[in-house]
Amino acid sequence: MEIDFVIEKFILVVAIFAISLVIAMYSTYAERKVAAFLQDRLGPDRAGPFGLLQPLADGVKMFMKEEVIPANANKWLFMVGPGLAMLCACIGTAVIPWGQDMMVGDRLVKLQVTDINVGLLYIFGVISLGVYGVMIGGWASNNKYSLLSAIRAASQNISYEIAMGLSIIALLLVTNSLSLREIVEQQHEWRWNVLYQPLGFIIFMVCAFAETNRAPFDLPECEAELNGGYTIEYSSMKLGFYLFAEYINMFVSSTIMAALYFGGYNYPGMDYMATLLGPTWAPLFGTLIFFLKIFAFIFFFMWVRWTIPRFRYDQLMNLGWKGLIPLAIANIIVTGIVIAIVNKF
Amino acid sequence: MESLSNKKKVLVSKPLNFAERIYLPAIASGMATTIGHFFKKPATVKYPEEVREFSINWRGMHSLKRDEQGRERCTACGLCALSCPAEAITMIAAERKNEEKHLYREEKYASVYEINMLRCIFCGLCEEACPKEAIYLDGPIVPADYLRKDFIYGKDKLVEAPLEK
């Protein structure tokens with residue numbers, strides 16, 4: 001293990017971590033702006049030009065708030081909850097391939113922290129772990145509302161993980177690989193998976209909304225019935241961590257959707273651009289395209305949030321178990337039959 | 001029984017069809033509506049910097065008027081205070097000295113004139129009651145303040161600026 005390899009990975013890890021934090025930070029700003037524009041308002045515009053310093057102001061506010069731990073709460077778990085939520089949100093980006101291999105000087109740099117051959121399973125596992133932060137925090141608060149909310153979050157995540165897993169199986173039938181780099185490489189130029197798996201993509205997207213606890217599936221944080229859900233006893237930066245983890249999760253899910261179904265860093269005309277820009281800048285341009293796709297998905301998340309009202313709990317379960325799971329199974333069967341026929345002839 | 005008003009509407013709860021059950025068409029139309037609003041002009045008025053145009057019958061802060069020669073019109077008759085349903089106006093009358101003829105129009109004037117802006121309901125009855133056309137509610141919004149005593153506006157805030165010579 002040479003030292004420059006360690007340095008290269010270290011830079012990559014720090015850069016990805018910083019980028020995902022900054023994007024999550026500005027997602028809070030973007031969310032308020034998008035909400036405002038969709039409702040014919042202006043949104044925050046007082047802190048700095050166009051309100052661009054608003055996330056900093058929010059962060060300072062969160063840090064200055066009084067830290068309250070309820071007397072009968074389980075103190076240890078109460079502190080672990082937000083940390084776990086944040087951790088699970090942050091480590092998901094480790095296996096994402098951000099770009100093609102890039103030439104820096106005479107060195108080939110992989111724009112991916114680690115290319116494990118079960119990358120998809122890893123991401124799936126990390127996303128599922130995310131609910132533990134909510135569960136532990138909700139239980140440790142020793143509050144009926146937060147416990148109810150935690151139970152809701154857990155059952156919702158479990159229900160939608162099944163449909164999500166099934167939609168991924170259909171995708172795997174197409175790609176024949178669990179490695180994210182290979183899946184993305186296969187979608188060269190315009191051969192994006194969404195063209196082969198449109199139904200699978202819709203199912204995956206709906207499940208991603210449910211997994212990230214975003215509207216219209218934000219039942220765990222119902223302010224009307226549960227007084228704000230599992231964060232009810234949290235204050236100061238612990239609350240900030242929970243809210244922040246939600247935005248990082250949104251970023252990670254957008255990344256995964258862009259990578260799995262919308263070609264990641266692939267775009268039509270990339271071969272031409274590769275000859276035009278050379279081996280250093282062409283991969284970076286691909287990364288830029290990747291981030292544009294991610295931002296488009298983040299915008300879509302917000303657009304949906306400010307359009308659709310929250311589902312009722314029975315509607316949520318009906319949609320998950322009676323709607324999405326049968327659809328996903330049908331998708332697998334149809335995909336399998338089509339692939340068998342195509343391979344035969 | 002036959003409905004007399006003919007306005008009765010019988011609601012039937014029919015089961016959802018497939019398109020309604022998977023929500024997607026309804027969601028798509030809803031999202032088309034919201035994205036339409038994304039490009040509309042915001043209705044916001046950035047208040048302290050931008051002020052919305054007042055309507056012609058707007059009643060805002062009071063002002064005590066001067067006549068063409070810049071003399072105060074108020075004669076401290078007290079009709080405004082009497083007409084005020086909120087008991088917001090009070091004044092102390094004084095007699096005009098000879099050398100003050102250029103300051104006050106009549107022999108009697110208000111040496112102190114106070115309106116409590118916390119009591120005032122901006123009904124405009126004072127302006128209707130005034131026989132000398134001395135008070136009008138033609139000012140801007142009364143600004144917020146921290147202390148109750150600062151809402152009692154005296155002549156320093158109410159009287160119009162003197163005419164430019």
# chains A, B, ... in the order shown; residues from 1 in each chain; ligands from 1
$ interface_residues --of "chain A" --to "chain B" --cutoff "8 Å" --atoms "only C-alpha atoms" --output "VMD selection string"
chain A and resid 34 37 to 42 303 to 304 306 to 308 319 323
$ residues_around --residues "Arg73 in chain B" --least-positions-apart "2" --cutoff "12 Å" --atoms "only C-alpha atoms" --output "ChimeraX atom specification"
/B:63-71,75-77,101-110,130-136,159-160
$ residues_around --residues "range 153-160 of chain A" --least-positions-apart "3" --cutoff "8 Å" --atoms "only C-alpha atoms" --output "MDAnalysis selection string"
chainID A and resid 128 131 134:135 149:150 163:164 207 210:211 213 219:220 316:317 320:321
$ write_last_selection --atoms "N, CA and C atoms" --output "PDB file, in the first residue's frame"
ATOM      1  N   SER A 128     -31.213   0.843   5.077  1.00  0.00           N
ATOM      2  CA  SER A 128     -32.089   0.192   6.057  1.00  0.00           C
ATOM      3  C   SER A 128     -31.656   0.514   7.474  1.00  0.00           C
ATOM      4  N   VAL A 131     -33.064   3.662   9.708  1.00  0.00           N
ATOM      5  CA  VAL A 131     -34.254   3.702  10.552  1.00  0.00           C
ATOM      6  C   VAL A 131     -33.887   3.464  12.024  1.00  0.00           C
ATOM      7  N   VAL A 134     -33.798   6.674  13.988  1.00  0.00           N
ATOM      8  CA  VAL A 134     -35.141   7.122  14.330  1.00  0.00           C
ATOM      9  C   VAL A 134     -35.719   6.265  15.450  1.00  0.00           C
ATOM     10  N   MET A 135     -35.560   4.951  15.322  1.00  0.00           N
ATOM     11  CA  MET A 135     -36.120   4.028  16.321  1.00  0.00           C
ATOM     12  C   MET A 135     -35.518   4.293  17.699  1.00  0.00           C
ATOM     13  N   SER A 149     -44.269   7.399  16.769  1.00  0.00           N
ATOM     14  CA  SER A 149     -43.678   7.847  15.521  1.00  0.00           C
ATOM     15  C   SER A 149     -42.561   6.914  15.086  1.00  0.00           C
ATOM     16  N   ALA A 150     -41.760   6.453  16.060  1.00  0.00           N
ATOM     17  CA  ALA A 150     -40.671   5.539  15.730  1.00  0.00           C
ATOM     18  C   ALA A 150     -41.227   4.224  15.184  1.00  0.00           C
ATOM     19  N   ALA A 163     -40.664  -3.731  -1.479  1.00  0.00           N
ATOM     20  CA  ALA A 163     -40.933  -3.340  -2.860  1.00  0.00           C
ATOM     21  C   ALA A 163     -39.678  -2.789  -3.512  1.00  0.00           C
ATOM     22  N   MET A 164     -38.870  -2.067  -2.727  1.00  0.00           N
ATOM     23  CA  MET A 164     -37.640  -1.501  -3.269  1.00  0.00           C
ATOM     24  C   MET A 164     -36.684  -2.612  -3.683  1.00  0.00           C
ATOM     25  N   CYS A 207     -40.593   4.175  -3.456  1.00  0.00           N
ATOM     26  CA  CYS A 207     -40.032   3.589  -2.239  1.00  0.00           C
ATOM     27  C   CYS A 207     -38.949   4.497  -1.654  1.00  0.00           C
ATOM     28  N   ALA A 210     -40.491   6.967   0.451  1.00  0.00           N
ATOM     29  CA  ALA A 210     -40.916   6.417   1.733  1.00  0.00           C
ATOM     30  C   ALA A 210     -39.721   6.163   2.641  1.00  0.00           C
ATOM     31  N   GLU A 211     -38.599   5.684   2.064  1.00  0.00           N
ATOM     32  CA  GLU A 211     -37.430   5.360   2.882  1.00  0.00           C
ATOM     33  C   GLU A 211     -36.818   6.611   3.498  1.00  0.00           C
ATOM     34  N   ASN A 213     -38.410   9.155   4.419  1.00  0.00           N
ATOM     35  CA  ASN A 213     -39.441   9.833   5.221  1.00  0.00           C
ATOM     36  C   ASN A 213     -39.798  11.198   4.652  1.00  0.00           C
ATOM     37  N   LEU A 219     -44.993  10.315   7.416  1.00  0.00           N
ATOM     38  CA  LEU A 219     -45.847  10.031   8.566  1.00  0.00           C
ATOM     39  C   LEU A 219     -45.127  10.034   9.899  1.00  0.00           C
ATOM     40  N   PRO A 220     -43.854   9.606   9.972  1.00  0.00           N
ATOM     41  CA  PRO A 220     -43.202   9.642  11.274  1.00  0.00           C
ATOM     42  C   PRO A 220     -43.105  11.045  11.867  1.00  0.00           C
ATOM     43  N   LEU A 316     -51.119   4.336   3.154  1.00  0.00           N
ATOM     44  CA  LEU A 316     -49.694   4.065   2.986  1.00  0.00           C
ATOM     45  C   LEU A 316     -49.434   2.571   2.918  1.00  0.00           C
ATOM     46  N   MET A 317     -50.041   1.839   3.867  1.00  0.00           N
ATOM     47  CA  MET A 317     -49.818   0.397   3.914  1.00  0.00           C
ATOM     48  C   MET A 317     -50.453  -0.288   2.704  1.00  0.00           C
ATOM     49  N   GLY A 320     -48.256   0.276  -0.279  1.00  0.00           N
ATOM     50  CA  GLY A 320     -47.026  -0.499  -0.197  1.00  0.00           C
ATOM     51  C   GLY A 320     -47.252  -1.975  -0.445  1.00  0.00           C
ATOM     52  N   TRP A 321     -48.189  -2.564   0.311  1.00  0.00           N
ATOM     53  CA  TRP A 321     -48.330  -4.020   0.274  1.00  0.00           C
ATOM     54  C   TRP A 321     -49.206  -4.491  -0.881  1.00  0.00           C
TER      55      TRP A 321
END
$ residues_around --residues "Gln186 in chain A" --least-positions-apart "5" --cutoff "9 Å" --atoms "only C-alpha atoms" --output "count of residues only"
6
$ select_by_dssp --residues "range 71-289 of chain A" --states "helix (DSSP H, G or I)" --output "VMD selection string"
chain A and resid 75 to 95 119 to 140 144 to 175 180 to 186 193 to 196 198 to 211 219 to 221 223 to 226 229 to 231 236 to 260 270 to 289
$ atom_distance --atom1 "CA of Pro283 in chain A" --atom2 "CA of Ile116 in chain A"
20.7 Å
